[in-house]
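The data block below is structure.tsv; it holds TSV, C-alpha atoms.
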chain	number	residue	atom	x	y	z
A	206	MET	CA	-105.55	111.87	-108.50
A	207	ALA	CA	-108.85	110.20	-109.19
A	208	LYS	CA	-111.26	109.87	-106.31
A	209	TYR	CA	-112.52	106.46	-105.33
A	210	THR	CA	-115.25	105.37	-102.96
A	211	ILE	CA	-115.60	101.96	-101.33
A	212	MET	CA	-119.29	101.15	-100.85
A	213	GLY	CA	-119.75	100.26	-97.19
A	214	HIS	CA	-123.52	99.79	-97.15
A	215	PRO	CA	-124.42	96.53	-95.34
A	216	LEU	CA	-126.79	95.40	-98.13
A	217	ILE	CA	-124.05	95.80	-100.74
A	218	GLN	CA	-121.51	93.98	-98.60
A	219	HIS	CA	-123.94	91.14	-97.82
A	220	LYS	CA	-124.87	90.59	-101.47
A	221	ILE	CA	-121.21	90.65	-102.56
A	222	SER	CA	-120.52	87.85	-100.08
A	223	MET	CA	-123.34	85.87	-101.69
A	224	ILE	CA	-121.92	86.20	-105.21
A	225	ARG	CA	-118.47	85.16	-104.00
A	226	ASP	CA	-119.88	81.79	-102.92
A	227	LYS	CA	-119.01	79.15	-105.53
A	228	ASN	CA	-122.32	77.42	-104.80
A	229	THR	CA	-124.41	80.40	-105.91
A	230	GLY	CA	-126.11	79.35	-109.16
A	231	THR	CA	-126.39	81.30	-112.39
A	232	ASN	CA	-129.92	82.60	-111.88
A	233	GLU	CA	-129.29	83.83	-108.33
A	234	PHE	CA	-125.88	85.22	-109.30
A	235	ARG	CA	-127.40	87.22	-112.15
A	236	LYS	CA	-130.11	88.67	-109.92
A	237	LEU	CA	-127.62	89.60	-107.21
A	238	ILE	CA	-125.37	91.39	-109.74
A	239	GLU	CA	-128.38	93.51	-110.80
A	240	GLU	CA	-129.30	94.26	-107.19
A	241	ILE	CA	-125.74	95.25	-106.27
A	242	ALA	CA	-125.52	97.48	-109.36
A	243	MET	CA	-128.76	99.21	-108.38
A	244	LEU	CA	-127.60	99.82	-104.81
A	245	MET	CA	-124.20	101.09	-105.94
A	246	ALA	CA	-125.71	103.34	-108.61
A	247	TYR	CA	-128.00	104.90	-106.01
A	248	GLU	CA	-124.88	106.10	-104.19
A	249	ALA	CA	-122.79	106.88	-107.28
A	250	LEU	CA	-125.48	109.11	-108.81
A	251	ARG	CA	-126.25	111.21	-105.75
A	252	ASP	CA	-124.59	114.23	-107.42
A	253	LEU	CA	-126.67	114.21	-110.63
A	254	PRO	CA	-127.59	117.83	-111.45
A	255	LEU	CA	-131.16	118.98	-110.81
A	256	GLU	CA	-133.24	121.81	-112.22
A	257	GLU	CA	-136.59	123.26	-111.14
A	258	VAL	CA	-139.42	122.58	-113.57
A	259	SER	CA	-143.06	123.55	-113.52
A	260	ILE	CA	-145.56	120.74	-112.88
A	261	GLU	CA	-149.17	120.60	-111.80
A	262	THR	CA	-150.20	118.39	-108.89
A	263	PRO	CA	-153.85	117.40	-108.35
A	264	ILE	CA	-153.98	120.35	-105.94
A	265	GLU	CA	-152.00	123.19	-107.60
A	266	PRO	CA	-149.07	124.10	-109.88
A	267	CYS	CA	-145.58	124.02	-108.34
A	268	MET	CA	-141.91	124.03	-109.14
A	269	ALA	CA	-140.26	120.65	-108.57
A	270	PRO	CA	-136.70	119.26	-108.96
A	271	MET	CA	-135.97	117.04	-111.97
A	272	ILE	CA	-132.69	115.68	-113.32
A	273	SER	CA	-131.35	118.27	-115.74
A	274	GLY	CA	-129.59	118.13	-119.09
A	275	LYS	CA	-129.25	115.08	-121.32
A	276	LYS	CA	-129.24	112.86	-118.25
A	277	MET	CA	-127.25	109.65	-118.29
A	278	ALA	CA	-125.48	107.08	-120.37
A	279	VAL	CA	-124.67	103.62	-119.03
A	280	VAL	CA	-121.72	102.01	-120.81
A	281	PRO	CA	-121.05	98.38	-119.87
A	282	ILE	CA	-117.77	96.75	-120.79
A	283	LEU	CA	-118.78	93.58	-122.66
A	284	ARG	CA	-119.61	91.06	-121.74
A	285	ALA	CA	-119.80	90.90	-117.96
A	286	GLY	CA	-120.77	94.57	-117.67
A	287	LEU	CA	-124.11	93.72	-119.28
A	288	GLY	CA	-125.12	92.03	-116.05
A	289	MET	CA	-125.14	95.41	-114.25
A	290	VAL	CA	-127.21	97.38	-116.77
A	291	ASN	CA	-130.75	96.37	-115.80
A	292	GLY	CA	-130.18	97.22	-112.17
A	293	ILE	CA	-129.10	100.75	-113.12
A	294	LEU	CA	-131.94	101.19	-115.64
A	295	ALA	CA	-134.40	100.29	-112.89
A	296	LEU	CA	-133.28	103.51	-111.19
A	297	VAL	CA	-132.86	105.66	-114.30
A	298	PRO	CA	-135.05	104.15	-117.06
A	299	THR	CA	-134.44	107.12	-119.38
A	300	ALA	CA	-130.69	106.50	-119.49
A	301	LYS	CA	-129.16	105.66	-122.86
A	302	VAL	CA	-126.99	102.56	-123.14
A	303	GLY	CA	-123.72	102.24	-125.04
A	304	HIS	CA	-121.41	99.23	-125.33
A	305	ILE	CA	-117.66	98.75	-125.36
A	306	GLY	CA	-116.40	95.29	-126.34
A	307	LEU	CA	-112.98	94.26	-125.04
A	308	TYR	CA	-111.35	90.86	-124.65
A	309	ARG	CA	-108.29	90.03	-122.60
A	310	ASP	CA	-105.29	88.39	-124.24
A	311	PRO	CA	-104.76	85.09	-122.40
A	312	VAL	CA	-100.98	85.52	-122.43
A	313	THR	CA	-100.35	89.23	-121.90
A	314	HIS	CA	-103.65	89.89	-120.03
A	315	GLU	CA	-103.93	93.15	-121.99
A	316	PRO	CA	-107.29	94.21	-123.49
A	317	HIS	CA	-108.17	94.40	-127.18
A	318	GLU	CA	-111.18	96.29	-128.54
A	319	TYR	CA	-113.66	94.60	-130.85
A	320	TYR	CA	-116.71	96.88	-130.52
A	321	CYS	CA	-117.56	100.43	-129.45
A	322	LYS	CA	-120.96	102.10	-129.82
A	323	LEU	CA	-121.91	105.09	-127.67
A	324	PRO	CA	-125.11	107.17	-127.41
A	325	GLU	CA	-125.43	110.48	-129.24
A	326	LEU	CA	-124.51	113.71	-127.42
A	327	ILE	CA	-122.21	111.74	-125.15
A	328	ASP	CA	-120.40	114.97	-124.28
A	329	GLN	CA	-123.57	116.27	-122.58
A	330	ARG	CA	-124.27	113.22	-120.43
A	331	THR	CA	-123.18	111.82	-117.10
A	332	ILE	CA	-121.53	108.55	-118.16
A	333	LEU	CA	-121.40	105.47	-115.94
A	334	VAL	CA	-118.87	102.92	-117.23
A	335	VAL	CA	-119.56	99.56	-115.55
A	336	ASP	CA	-117.84	96.20	-115.19
A	337	PRO	CA	-118.20	93.77	-112.27
A	338	MET	CA	-114.44	93.17	-111.93
A	339	LEU	CA	-111.52	95.62	-111.97
A	340	ALA	CA	-108.54	93.26	-112.19
A	341	THR	CA	-105.44	94.49	-114.06
A	342	GLY	CA	-107.21	97.74	-114.94
A	343	GLY	CA	-106.38	97.46	-118.64
A	344	SER	CA	-109.96	97.15	-119.87
A	345	ALA	CA	-111.16	99.94	-117.58
A	346	VAL	CA	-108.41	102.31	-118.73
A	347	ASP	CA	-109.10	101.59	-122.40
A	348	ALA	CA	-112.86	101.88	-121.98
A	349	VAL	CA	-112.56	105.31	-120.39
A	350	ASN	CA	-110.12	106.29	-123.15
A	351	TYR	CA	-112.73	105.38	-125.78
A	352	VAL	CA	-115.43	107.39	-123.99
A	353	LYS	CA	-113.13	110.41	-123.78
A	354	ASP	CA	-112.12	110.01	-127.45
A	355	HIS	CA	-115.84	110.30	-128.33
A	356	GLY	CA	-116.22	113.48	-126.29
A	357	GLY	CA	-117.29	112.15	-122.89
A	358	LYS	CA	-116.35	114.40	-119.98
A	359	ASP	CA	-118.45	113.63	-116.90
A	360	ILE	CA	-117.34	110.03	-116.36
A	361	LYS	CA	-117.85	107.67	-113.45
A	362	TYR	CA	-116.50	104.11	-113.27
A	363	MET	CA	-118.28	101.49	-111.18
A	364	CYS	CA	-117.17	97.94	-110.34
A	365	ILE	CA	-118.27	95.42	-107.76
A	366	ILE	CA	-114.86	93.95	-106.88
A	367	ALA	CA	-111.45	95.52	-107.50
A	368	ALA	CA	-107.83	94.48	-107.10
A	369	PRO	CA	-105.43	97.11	-105.73
A	370	GLU	CA	-103.30	96.82	-108.88
A	371	GLY	CA	-106.21	97.64	-111.18
A	372	LEU	CA	-107.53	100.45	-109.03
A	373	GLU	CA	-104.13	102.12	-108.92
A	374	ARG	CA	-103.68	101.76	-112.70
A	375	LEU	CA	-107.09	103.30	-113.40
A	376	MET	CA	-106.51	106.20	-111.01
A	377	ASP	CA	-103.09	106.92	-112.52
A	378	ALA	CA	-104.43	106.85	-116.09
A	379	HIS	CA	-107.61	108.84	-115.41
A	380	PRO	CA	-107.20	111.14	-112.41
A	381	ASP	CA	-110.26	113.18	-113.46
A	382	ILE	CA	-112.94	110.48	-113.02
A	383	GLN	CA	-114.86	109.21	-110.01
A	384	ILE	CA	-114.48	105.50	-109.17
A	385	TYR	CA	-116.95	103.44	-107.15
A	386	VAL	CA	-115.94	100.04	-105.77
A	387	GLY	CA	-118.06	97.49	-103.91
A	388	GLN	CA	-115.12	95.77	-102.22
A	389	LEU	CA	-111.35	96.08	-102.60
A	390	ASP	CA	-109.73	92.63	-102.60
A	391	ARG	CA	-106.24	91.47	-101.66
A	392	CYS	CA	-104.34	91.07	-104.95
A	393	LEU	CA	-104.12	89.46	-108.39
A	394	ASN	CA	-102.80	85.94	-108.83
A	395	GLU	CA	-100.38	84.83	-111.56
A	396	ASP	CA	-103.28	84.41	-114.00
A	397	ALA	CA	-104.48	87.98	-113.30
A	398	TYR	CA	-107.57	86.81	-111.41
A	399	ILE	CA	-108.66	88.75	-108.35
A	400	CYS	CA	-108.08	87.00	-104.99
A	401	PRO	CA	-110.29	86.02	-103.26
A	402	GLY	CA	-112.57	87.37	-106.01
A	403	LEU	CA	-115.45	85.31	-107.38
A	404	GLY	CA	-114.03	83.66	-110.49
A	405	ASP	CA	-115.01	84.76	-114.00
A	406	ALA	CA	-117.98	87.11	-113.65
A	407	GLY	CA	-119.03	86.75	-117.27
A	408	ASP	CA	-119.11	82.96	-117.08
A	409	ARG	CA	-121.12	83.07	-113.87
A	410	ILE	CA	-123.62	85.64	-115.23
A	411	PHE	CA	-124.23	83.84	-118.52
A	412	GLY	CA	-123.72	80.25	-117.39
A	413	THR	CA	-120.75	79.60	-119.66
A	414	LYS	CA	-117.24	78.27	-119.08
Can you turn what I pasted into structure tokens?
Amino acid sequence: MAKYTIMGHPLIQHKISMIRDKNTGTNEFRKLIEEIAMLMAYEALRDLPLEEVSIETPIEPCMAPMISGKKMAVVPILRAGLGMVNGILALVPTAKVGHIGLYRDPVTHEPHEYYCKLPELIDQRTILVVDPMLATGGSAVDAVNYVKDHGGKDIKYMCIIAAPEGLERLMDAHPDIQIYVGQLDRCLNEDAYICPGLGDAGDRIFGTK
């Protein structure tokens, strides 16, 4: 079974409460999404592999730990996942960025792919698939499928708010990945929106309806 972690840090919890508020405007909402993504990534990436490399300080040469291998790839699920990218890149500016475009059928609520572009050597990278909301789990499952189909192995999934239904579906479909959740909400409503949730994250990030 996949492992999942609920982020209990007070700063993460506080900022999630702020984005839930319907009175939070687009500019503030966008900034908060980036800040939450940065705080969550700090925790999610604590197991990145390190290697000792030779450097020279102003005083003397020494061996120092640096992130090893081909480092990271951040893969947002379009479009709302884009709102989390800059926060993660602030921590790991050398990370490569891929994109997976999915839209949800308004009737069946199932995802459909319209775009997929991943960095080279994806099989050698730690891959962080991100989307603010994990609702039905369909988009998350398909996105991880696409990453695996392209050779990705070391995969983490990170969302800010999840519904129990979506979390269970993702864990069942991909028991070999690590999942990081800001807060786990009560349920989905009949329109497959998370309750209490925060509405449509993409609309609130980009100021659209």
Item to check | Among listed residues A:Thr229, A:Ser273, A:Ser222, A:Thr331, nearest Gly402 (chain A) (using all atoms listed in the file) | outcome: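 Residue with the minimum atom-to-atom distance to Gly402 (chain A): A:Ser222.
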Checklist entry - Within 10 Å of (-130.8, 93.8, -115.8), in the coordinates the file gives, what residues turn up when you count only C-alpha atoms, written out as a ChimeraX atom specification? => result /A:235-236,238-240,242-243,287-295
Checklist entry - So which residues are close to (-129.7, 121.0, -109.5), meaning at most 12 Å away in the file's coordinates with only C-alpha atoms counted, and can you show them as a ChimeraX atom specification? => result /A:251-258,269-274,276
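Within the 10 Å cut-off around Val352 (chain A), using all atoms listed in the file and omitting residues fewer than 5 positions from it on the same chain, the listed residues are A:Val280, A:Gly303, A:Ile305, A:Cys321, A:Lys322, A:Leu323, A:Ile327, A:Asp328, A:Ile332, A:Val334, A:Asp347, A:Gly357, A:Lys358, A:Asp359, A:Ile360.
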C-alpha atoms of the current selection, written as a PDB file, in the frame of the given file:
ATOM      1  CA  VAL A 280    -121.720 102.010-120.810  1.00  0.00           C
ATOM      2  CA  GLY A 303    -123.720 102.240-125.040  1.00  0.00           C
ATOM      3  CA  ILE A 305    -117.660  98.750-125.360  1.00  0.00           C
ATOM      4  CA  CYS A 321    -117.560 100.430-129.450  1.00  0.00           C
ATOM      5  CA  LYS A 322    -120.960 102.100-129.820  1.00  0.00           C
ATOM      6  CA  LEU A 323    -121.910 105.090-127.670  1.00  0.00           C
ATOM      7  CA  ILE A 327    -122.210 111.740-125.150  1.00  0.00           C
ATOM      8  CA  ASP A 328    -120.400 114.970-124.280  1.00  0.00           C
ATOM      9  CA  ILE A 332    -121.530 108.550-118.160  1.00  0.00           C
ATOM     10  CA  VAL A 334    -118.870 102.920-117.230  1.00  0.00           C
ATOM     11  CA  ASP A 347    -109.100 101.590-122.400  1.00  0.00           C
ATOM     12  CA  GLY A 357    -117.290 112.150-122.890  1.00  0.00           C
ATOM     13  CA  LYS A 358    -116.350 114.400-119.980  1.00  0.00           C
ATOM     14  CA  ASP A 359    -118.450 113.630-116.900  1.00  0.00           C
ATOM     15  CA  ILE A 360    -117.340 110.030-116.360  1.00  0.00           C
TER      16      ILE A 360
END
Item to check | Residues near Asp336 (chain A), cut-off 12 Å, only C-alpha atoms, skip fewer than 3 positions along chain, as a ChimeraX atom specification | outcome: /A:238-239,241-242,279-290,304-307,333,339-340,342,344-346,348-349,361-367,384-387,405-407
Go ahead and save the picked residues with C-alpha atoms, as an mmCIF file, in the frame of the given file.
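Result saved to again.cif:
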data_model
loop_
_atom_site.group_PDB
_atom_site.id
_atom_site.type_symbol
_atom_site.label_atom_id
_atom_site.label_comp_id
_atom_site.auth_asym_id
_atom_site.auth_seq_id
_atom_site.Cartn_x
_atom_site.Cartn_y
_atom_site.Cartn_z
ATOM 1 C CA ILE A 238 -125.370 91.390 -109.740
ATOM 2 C CA GLU A 239 -128.380 93.510 -110.800
ATOM 3 C CA ILE A 241 -125.740 95.250 -106.270
ATOM 4 C CA ALA A 242 -125.520 97.480 -109.360
ATOM 5 C CA VAL A 279 -124.670 103.620 -119.030
ATOM 6 C CA VAL A 280 -121.720 102.010 -120.810
ATOM 7 C CA PRO A 281 -121.050 98.380 -119.870
ATOM 8 C CA ILE A 282 -117.770 96.750 -120.790
ATOM 9 C CA LEU A 283 -118.780 93.580 -122.660
ATOM 10 C CA ARG A 284 -119.610 91.060 -121.740
ATOM 11 C CA ALA A 285 -119.800 90.900 -117.960
ATOM 12 C CA GLY A 286 -120.770 94.570 -117.670
ATOM 13 C CA LEU A 287 -124.110 93.720 -119.280
ATOM 14 C CA GLY A 288 -125.120 92.030 -116.050
ATOM 15 C CA MET A 289 -125.140 95.410 -114.250
ATOM 16 C CA VAL A 290 -127.210 97.380 -116.770
ATOM 17 C CA HIS A 304 -121.410 99.230 -125.330
ATOM 18 C CA ILE A 305 -117.660 98.750 -125.360
ATOM 19 C CA GLY A 306 -116.400 95.290 -126.340
ATOM 20 C CA LEU A 307 -112.980 94.260 -125.040
ATOM 21 C CA LEU A 333 -121.400 105.470 -115.940
ATOM 22 C CA LEU A 339 -111.520 95.620 -111.970
ATOM 23 C CA ALA A 340 -108.540 93.260 -112.190
ATOM 24 C CA GLY A 342 -107.210 97.740 -114.940
ATOM 25 C CA SER A 344 -109.960 97.150 -119.870
ATOM 26 C CA ALA A 345 -111.160 99.940 -117.580
ATOM 27 C CA VAL A 346 -108.410 102.310 -118.730
ATOM 28 C CA ALA A 348 -112.860 101.880 -121.980
ATOM 29 C CA VAL A 349 -112.560 105.310 -120.390
ATOM 30 C CA LYS A 361 -117.850 107.670 -113.450
ATOM 31 C CA TYR A 362 -116.500 104.110 -113.270
ATOM 32 C CA MET A 363 -118.280 101.490 -111.180
ATOM 33 C CA CYS A 364 -117.170 97.940 -110.340
ATOM 34 C CA ILE A 365 -118.270 95.420 -107.760
ATOM 35 C CA ILE A 366 -114.860 93.950 -106.880
ATOM 36 C CA ALA A 367 -111.450 95.520 -107.500
ATOM 37 C CA ILE A 384 -114.480 105.500 -109.170
ATOM 38 C CA TYR A 385 -116.950 103.440 -107.150
ATOM 39 C CA VAL A 386 -115.940 100.040 -105.770
ATOM 40 C CA GLY A 387 -118.060 97.490 -103.910
ATOM 41 C CA ASP A 405 -115.010 84.760 -114.000
ATOM 42 C CA ALA A 406 -117.980 87.110 -113.650
ATOM 43 C CA GLY A 407 -119.030 86.750 -117.270
#
Item to check | Which residue of A:Met245, A:Ile410, A:Ile382, A:Met338 approaches Tyr398 (chain A) most closely, using all atoms listed in the file | outcome: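 When distances to Tyr398 (chain A) are compared using all atoms listed in the file, the smallest one comes from A:Met338.
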Checklist entry - Mind pulling up the distance from CA of Ala300 (chain A) to CA of Ile260 (chain A)? => result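 Between these atoms lies a distance of 21.6 Å.
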Next on the checklist: Report, in Å to a single decimal, how far apart CA of Met212 (chain A) and CA of Asp226 (chain A) are.
Outcome noted: 19.5 Å
Checklist entry - What is the CA of Thr413 (chain A)-CA of Phe234 (chain A) distance in Å, reported with one decimal? => result 12.9 Å
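The neighbours of Pro311 (chain A) here are the residues that come within 10 Å of it, using only C-alpha atoms and leaving out any residue fewer than 3 positions away in the same chain; they are Tyr308, His314, Glu315, Pro316, Asp396 and Ala397 of chain A.
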Mind filling out region 268-279 of chain A with all heavy atoms and sending it as a short mmCIF file (atom, residue, chain, number, x, y, z; two decimals), in the frame of the given file?
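Saved to out33.cif:
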data_model
loop_
_atom_site.label_atom_id
_atom_site.label_comp_id
_atom_site.auth_asym_id
_atom_site.auth_seq_id
_atom_site.Cartn_x
_atom_site.Cartn_y
_atom_site.Cartn_z
N MET A 268 -143.22 124.29 -108.58
CA MET A 268 -141.91 124.03 -109.14
C MET A 268 -141.32 122.83 -108.41
O MET A 268 -141.38 122.74 -107.17
CB MET A 268 -140.99 125.25 -108.97
CG MET A 268 -141.50 126.50 -109.69
SD MET A 268 -141.66 126.28 -111.48
CE MET A 268 -139.92 126.17 -111.95
N ALA A 269 -140.76 121.88 -109.17
CA ALA A 269 -140.26 120.65 -108.57
C ALA A 269 -138.92 120.27 -109.21
O ALA A 269 -138.68 120.55 -110.39
CB ALA A 269 -141.27 119.52 -108.78
N PRO A 270 -138.03 119.63 -108.43
CA PRO A 270 -136.70 119.26 -108.96
C PRO A 270 -136.77 118.04 -109.88
O PRO A 270 -137.41 117.04 -109.55
CB PRO A 270 -135.90 118.95 -107.69
CG PRO A 270 -136.92 118.53 -106.69
CD PRO A 270 -138.16 119.31 -107.00
N MET A 271 -136.10 118.15 -111.02
CA MET A 271 -135.97 117.04 -111.97
C MET A 271 -134.51 116.98 -112.42
O MET A 271 -133.82 118.01 -112.44
CB MET A 271 -136.88 117.25 -113.18
CG MET A 271 -138.36 117.33 -112.86
SD MET A 271 -139.11 115.73 -112.55
CE MET A 271 -139.33 115.14 -114.23
N ILE A 272 -134.05 115.81 -112.81
CA ILE A 272 -132.69 115.68 -113.32
C ILE A 272 -132.55 116.52 -114.58
O ILE A 272 -133.39 116.46 -115.48
CB ILE A 272 -132.35 114.21 -113.60
CG1 ILE A 272 -132.38 113.41 -112.30
CG2 ILE A 272 -130.98 114.08 -114.26
CD1 ILE A 272 -132.25 111.91 -112.50
N SER A 273 -131.49 117.31 -114.65
CA SER A 273 -131.35 118.27 -115.74
C SER A 273 -130.46 117.74 -116.85
O SER A 273 -129.78 116.73 -116.72
CB SER A 273 -130.76 119.58 -115.20
OG SER A 273 -129.44 119.38 -114.73
N GLY A 274 -130.47 118.44 -117.97
CA GLY A 274 -129.59 118.13 -119.09
C GLY A 274 -130.00 116.88 -119.84
O GLY A 274 -131.15 116.46 -119.82
N LYS A 275 -129.01 116.28 -120.51
CA LYS A 275 -129.25 115.08 -121.32
C LYS A 275 -129.21 113.80 -120.50
O LYS A 275 -129.15 112.70 -121.02
CB LYS A 275 -128.22 115.01 -122.46
CG LYS A 275 -128.42 116.06 -123.53
CD LYS A 275 -129.73 115.84 -124.28
CE LYS A 275 -129.89 116.89 -125.37
NZ LYS A 275 -131.18 116.75 -126.07
N LYS A 276 -129.18 113.99 -119.17
CA LYS A 276 -129.24 112.86 -118.25
C LYS A 276 -128.05 111.92 -118.41
O LYS A 276 -126.92 112.37 -118.49
CB LYS A 276 -130.57 112.14 -118.37
CG LYS A 276 -131.78 113.04 -118.06
CD LYS A 276 -133.06 112.25 -118.06
CE LYS A 276 -134.26 113.11 -117.65
NZ LYS A 276 -134.59 114.12 -118.64
N MET A 277 -128.30 110.64 -118.50
CA MET A 277 -127.25 109.65 -118.29
C MET A 277 -127.00 108.75 -119.48
O MET A 277 -127.87 108.53 -120.31
CB MET A 277 -127.64 108.74 -117.12
CG MET A 277 -127.13 109.14 -115.77
SD MET A 277 -127.52 107.78 -114.65
CE MET A 277 -126.55 106.47 -115.39
N ALA A 278 -125.80 108.20 -119.49
CA ALA A 278 -125.48 107.08 -120.37
C ALA A 278 -124.82 106.00 -119.53
O ALA A 278 -123.92 106.28 -118.73
CB ALA A 278 -124.54 107.51 -121.49
N VAL A 279 -125.30 104.78 -119.67
CA VAL A 279 -124.67 103.62 -119.03
C VAL A 279 -123.87 102.89 -120.09
O VAL A 279 -124.40 102.56 -121.15
CB VAL A 279 -125.72 102.67 -118.41
CG1 VAL A 279 -125.03 101.53 -117.69
CG2 VAL A 279 -126.64 103.42 -117.48
#
